[in-house]
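Printed here is query-v7.txt (compact mmCIF, C-alpha atoms):
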```txt
# COMPACT_ATOMS: atom_id res chain seq x y z
CA MET A 11 0.00 0.00 0.00
CA THR A 12 1.32 3.46 -0.82
CA GLU A 13 1.66 6.00 1.95
CA PRO A 14 -1.49 8.17 2.09
CA ILE A 15 -1.11 11.87 1.33
CA LEU A 16 -2.32 14.02 4.23
CA ASN A 17 -2.31 17.73 4.93
CA ASP A 18 0.84 19.10 6.52
CA HIS A 19 0.82 19.39 10.29
CA ASN A 20 2.31 22.65 11.50
CA LYS A 21 3.48 21.74 15.00
CA ARG A 22 4.73 18.92 17.15
CA GLU A 23 2.64 18.39 20.26
CA TYR A 24 3.93 16.97 23.50
CA GLU A 25 2.65 13.42 23.04
CA PRO A 26 1.46 12.67 26.62
CA ALA A 27 -0.51 15.94 26.88
CA HIS A 28 -1.95 15.62 23.38
CA THR A 29 -3.19 12.10 24.16
CA ALA A 30 -4.60 13.32 27.49
CA GLU A 31 -6.43 16.02 25.51
CA HIS A 32 -8.19 13.30 23.49
CA ILE A 33 -9.21 11.52 26.70
CA LEU A 34 -10.40 14.76 28.34
CA ASN A 35 -12.41 15.70 25.25
CA GLN A 36 -14.23 12.36 25.23
CA THR A 37 -14.82 12.56 28.98
CA MET A 38 -16.40 16.00 28.62
CA VAL A 39 -18.57 14.79 25.71
CA ARG A 40 -19.76 11.81 27.77
CA MET A 41 -20.38 13.73 30.99
CA PHE A 42 -21.87 16.95 29.64
CA GLY A 43 -23.05 16.13 26.11
CA CYS A 44 -20.96 19.01 24.76
CA GLU A 45 -18.78 19.23 21.66
CA ARG A 46 -15.06 18.55 21.80
CA SER A 47 -12.99 21.61 22.66
CA ARG A 48 -12.48 23.96 19.71
CA ASN A 49 -9.98 26.19 21.47
CA THR A 50 -6.99 24.20 22.73
CA HIS A 51 -3.44 24.98 23.72
CA VAL A 52 -1.48 21.79 24.49
CA GLU A 53 2.03 22.12 25.94
CA ARG A 54 4.49 20.18 28.08
CA LYS A 55 4.04 22.28 31.25
CA LYS A 56 0.30 22.97 31.09
CA SER A 57 -2.54 22.64 28.64
CA LYS A 58 -5.78 24.64 28.26
CA LEU A 59 -9.08 23.61 26.69
CA ASN A 60 -12.37 25.51 26.45
CA TYR A 61 -15.84 23.93 26.31
CA GLU A 62 -19.18 25.54 25.58
CA LEU A 63 -21.56 24.42 28.35
CA PRO A 64 -25.06 25.49 29.48
CA GLN A 65 -23.80 26.05 33.05
CA CYS A 66 -20.60 25.96 35.05
CA PRO A 67 -19.73 22.48 36.35
CA THR A 68 -19.79 22.00 40.11
CA PRO A 69 -16.60 21.24 42.06
CA GLU A 70 -17.86 17.65 42.38
CA GLN A 71 -18.29 17.36 38.60
CA ILE A 72 -14.81 18.78 38.03
CA ALA A 73 -13.34 16.22 40.45
CA GLU A 74 -15.26 13.48 38.60
CA VAL A 75 -13.81 14.62 35.25
CA GLU A 76 -10.31 14.32 36.71
CA ARG A 77 -11.09 10.90 38.21
CA ARG A 78 -12.50 9.54 34.94
CA VAL A 79 -9.57 10.80 32.84
CA ASN A 80 -7.13 9.15 35.25
CA GLU A 81 -9.16 5.94 35.16
CA VAL A 82 -8.80 5.80 31.36
CA ILE A 83 -5.08 6.59 31.58
CA GLN A 84 -4.54 3.87 34.20
CA SER A 85 -6.38 1.30 32.08
CA ASP A 86 -3.34 1.37 29.75
CA MET A 87 -5.33 1.43 26.51
CA PRO A 88 -3.44 1.28 23.21
CA VAL A 89 -3.39 4.43 21.10
CA THR A 90 -3.60 3.48 17.44
CA MET A 91 -3.96 5.14 14.04
CA GLU A 92 -5.71 4.16 10.86
CA TYR A 93 -6.12 5.82 7.49
CA VAL A 94 -9.59 6.10 5.99
CA THR A 95 -11.34 7.98 3.23
CA ARG A 96 -14.12 10.41 4.09
CA ASP A 97 -16.79 7.88 3.16
CA GLN A 98 -15.36 5.49 5.79
CA ILE A 99 -15.57 7.92 8.73
CA PRO A 100 -17.52 6.44 11.66
CA PRO A 101 -20.66 8.45 12.56
CA GLU A 102 -19.27 9.45 15.97
CA VAL A 103 -16.32 11.29 14.38
CA SER A 104 -16.92 15.00 13.82
CA LEU A 105 -15.15 16.64 10.93
CA ALA A 106 -16.07 20.17 12.08
CA LYS A 107 -12.47 21.11 12.93
CA LEU A 108 -11.02 20.02 9.59
CA PRO A 109 -9.70 22.77 7.34
CA ASP A 110 -11.53 23.37 4.06
CA ASP A 111 -8.58 21.97 2.11
CA ALA A 112 -8.29 18.74 4.14
CA SER A 113 -7.27 15.72 2.09
CA GLU A 114 -9.70 12.98 1.05
CA THR A 115 -7.72 10.52 3.19
CA LEU A 116 -7.89 11.17 6.92
CA ARG A 117 -6.03 9.71 9.88
CA LEU A 118 -8.17 8.48 12.74
CA VAL A 119 -6.57 8.22 16.18
CA ARG A 120 -8.17 5.74 18.57
CA VAL A 121 -7.64 5.64 22.32
CA GLY A 122 -8.65 2.02 22.90
CA ASP A 123 -12.42 1.80 22.63
CA TYR A 124 -12.80 5.09 24.53
CA ASP A 125 -12.23 7.74 21.86
CA VAL A 126 -11.78 8.15 18.12
CA CYS A 127 -11.21 11.36 16.17
CA ALA A 128 -9.52 12.67 13.06
CA CYS A 129 -6.09 13.98 14.04
CA LEU A 130 -2.65 14.58 12.53
CA GLY A 131 -0.86 15.11 15.86
CA PHE A 132 1.60 13.04 17.85
CA HIS A 133 0.50 10.64 20.61
CA VAL A 134 1.80 8.11 23.12
CA GLU A 135 1.51 4.39 22.29
CA HIS A 136 -0.39 3.46 25.49
CA THR A 137 -2.42 5.71 27.80
CA LEU A 138 -0.36 4.79 30.88
CA GLU A 139 2.52 6.74 29.33
CA CYS A 140 0.57 9.98 29.97
CA GLY A 141 1.26 9.88 33.71
CA HIS A 142 -1.18 11.35 36.24
CA PHE A 143 -3.70 13.90 34.95
CA ARG A 144 -4.34 16.86 37.26
CA ILE A 145 -6.74 19.76 36.72
CA SER A 146 -4.78 22.73 38.03
CA SER A 147 -7.48 25.37 37.48
CA THR A 148 -10.82 26.08 35.86
CA SER A 149 -12.67 29.26 34.92
CA TRP A 150 -16.12 30.16 33.69
CA THR A 151 -16.98 32.97 31.28
CA PRO A 152 -20.72 33.64 30.87
CA LEU A 153 -21.94 34.00 27.29
CA ALA A 154 -25.34 34.94 25.81
CA GLU A 155 -26.37 31.29 26.22
CA GLY A 156 -24.46 29.26 28.79
CA GLY A 157 -20.77 29.94 28.91
CA SER A 158 -17.23 28.94 28.14
CA PHE A 159 -15.64 26.60 30.66
CA ARG A 160 -11.83 26.49 30.63
CA ILE A 161 -9.85 23.60 32.04
CA VAL A 162 -6.11 23.94 32.63
CA PHE A 163 -4.37 20.62 33.24
CA ARG A 164 -0.92 19.28 33.95
CA LEU A 165 0.57 15.81 33.78
CA ASP A 166 2.67 14.44 36.63
CA GLY A 167 5.12 11.65 35.90
CA PRO A 168 4.65 10.96 32.19
CA SER A 169 6.88 8.33 30.63
CA ASP A 170 10.57 9.27 30.32
CA LYS A 171 10.23 8.22 26.69
CA TYR A 172 8.76 11.65 25.91
```
Since I need it in another form, could you write the structure as structure tokens?
Amino acid sequence: MTEPILNDHNKREYEPAHTAEHILNQTMVRMFGCERSRNTHVERKKSKLNYELPQCPTPEQIAEVERRVNEVIQSDMPVTMEYVTRDQIPPEVSLAKLPDDASETLRLVRVGDYDVCACLGFHVEHTLECGHFRISSTSWTPLAEGGSFRIVFRLDGPSDKY
């Protein structure tokens, strides 16, 4: 099989944090029924994601998000990639964040059976390599309807491999 032609990727993410972003996104979708974060900043020292929600999560809900993300990380799921054409995209995969000039062939990244999304970034091979996920702060900005909920997270003890 020839190597698929994909769009260029303009940055190299810190693999443990980028994989944790995928897990956090799916956790937020499952807990709050929201969309994946559209505004993300993933770095080695700290990462920030914003979610549009109808109301600000309670401290108990925030603690539950952290617990669930760590549960997925600790389950040591494989992180795999596959190449598909647009007509092979599973229904649960949103293409809303794709650029207008995205190629016909897309790369899907799967975090075990927990998450799947189209992504060109770099990831760990197994979730356990992410280390311990810790929400270091949150903030709420009211909007006309609901608001924007920001989560800032850090990873403690990711694999030395990264």
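The interatomic distance for the pair atom CA of Val121 of chain A and atom CA of Asn35 of chain A works out to 11.5 Å.
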**Request:** Within 8 Å of segment 126-139 of chain A, counting all atoms listed in the file, which residues show up once you throw out same-chain ones fewer than 2 positions away? Write them as a PyMOL selection string, please.
**Result:** chain A and resi 19+21-26+28-30+82-90+102-105+116-121+123-124+141+168-169
**Distance in Å - atom CA of Asp166 of chain A versus atom CA of Cys140 of chain A** = 8.3 Å
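Our summary of the geometry notes that atom CA of Glu76 of chain A is positioned 19.3 Å from atom CA of Asn49 of chain A.
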**Message:** List as JSON, numbers by chain the protein and nucleic acid residues near segment 40-42 of chain A, meaning an atom at most 12 Å away when all atoms listed in the file are counted, but skip any in the same chain fewer than 2 places from it.
**Reply:** {"A": [33, 34, 35, 36, 37, 38, 44, 45, 46, 61, 62, 63, 64, 65, 66, 67, 68, 71, 72, 74, 75, 76, 78, 79, 124, 125, 159]}
Now that the selection is made, can you save its residues with C-alpha atoms as an mmCIF file, keeping the file's coordinate frame?
```
data_model
loop_
_atom_site.group_PDB
_atom_site.id
_atom_site.type_symbol
_atom_site.label_atom_id
_atom_site.label_comp_id
_atom_site.auth_asym_id
_atom_site.auth_seq_id
_atom_site.Cartn_x
_atom_site.Cartn_y
_atom_site.Cartn_z
ATOM 1 C CA ILE A 33 -9.210 11.520 26.700
ATOM 2 C CA LEU A 34 -10.400 14.760 28.340
ATOM 3 C CA ASN A 35 -12.410 15.700 25.250
ATOM 4 C CA GLN A 36 -14.230 12.360 25.230
ATOM 5 C CA THR A 37 -14.820 12.560 28.980
ATOM 6 C CA MET A 38 -16.400 16.000 28.620
ATOM 7 C CA CYS A 44 -20.960 19.010 24.760
ATOM 8 C CA GLU A 45 -18.780 19.230 21.660
ATOM 9 C CA ARG A 46 -15.060 18.550 21.800
ATOM 10 C CA TYR A 61 -15.840 23.930 26.310
ATOM 11 C CA GLU A 62 -19.180 25.540 25.580
ATOM 12 C CA LEU A 63 -21.560 24.420 28.350
ATOM 13 C CA PRO A 64 -25.060 25.490 29.480
ATOM 14 C CA GLN A 65 -23.800 26.050 33.050
ATOM 15 C CA CYS A 66 -20.600 25.960 35.050
ATOM 16 C CA PRO A 67 -19.730 22.480 36.350
ATOM 17 C CA THR A 68 -19.790 22.000 40.110
ATOM 18 C CA GLN A 71 -18.290 17.360 38.600
ATOM 19 C CA ILE A 72 -14.810 18.780 38.030
ATOM 20 C CA GLU A 74 -15.260 13.480 38.600
ATOM 21 C CA VAL A 75 -13.810 14.620 35.250
ATOM 22 C CA GLU A 76 -10.310 14.320 36.710
ATOM 23 C CA ARG A 78 -12.500 9.540 34.940
ATOM 24 C CA VAL A 79 -9.570 10.800 32.840
ATOM 25 C CA TYR A 124 -12.800 5.090 24.530
ATOM 26 C CA ASP A 125 -12.230 7.740 21.860
ATOM 27 C CA PHE A 159 -15.640 26.600 30.660
#
```
**Asked** Near Arg48 of chain A, within 8 Å and counting only C-alpha atoms, which residues show up once chain neighbours fewer than 4 positions away are dropped, as a list in words?
**Response** Leu59, Asn60, Tyr61 and Lys107 of chain A
Take the selection from the previous step and output its residues with C-alpha atoms, as a PDB file, keeping the file's coordinate frame.
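Written out: part28.pdb:
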```pdb
ATOM      1  CA  LEU A  59      -9.080  23.610  26.690  1.00  0.00           C
ATOM      2  CA  ASN A  60     -12.370  25.510  26.450  1.00  0.00           C
ATOM      3  CA  TYR A  61     -15.840  23.930  26.310  1.00  0.00           C
ATOM      4  CA  LYS A 107     -12.470  21.110  12.930  1.00  0.00           C
TER       5      LYS A 107
END
```
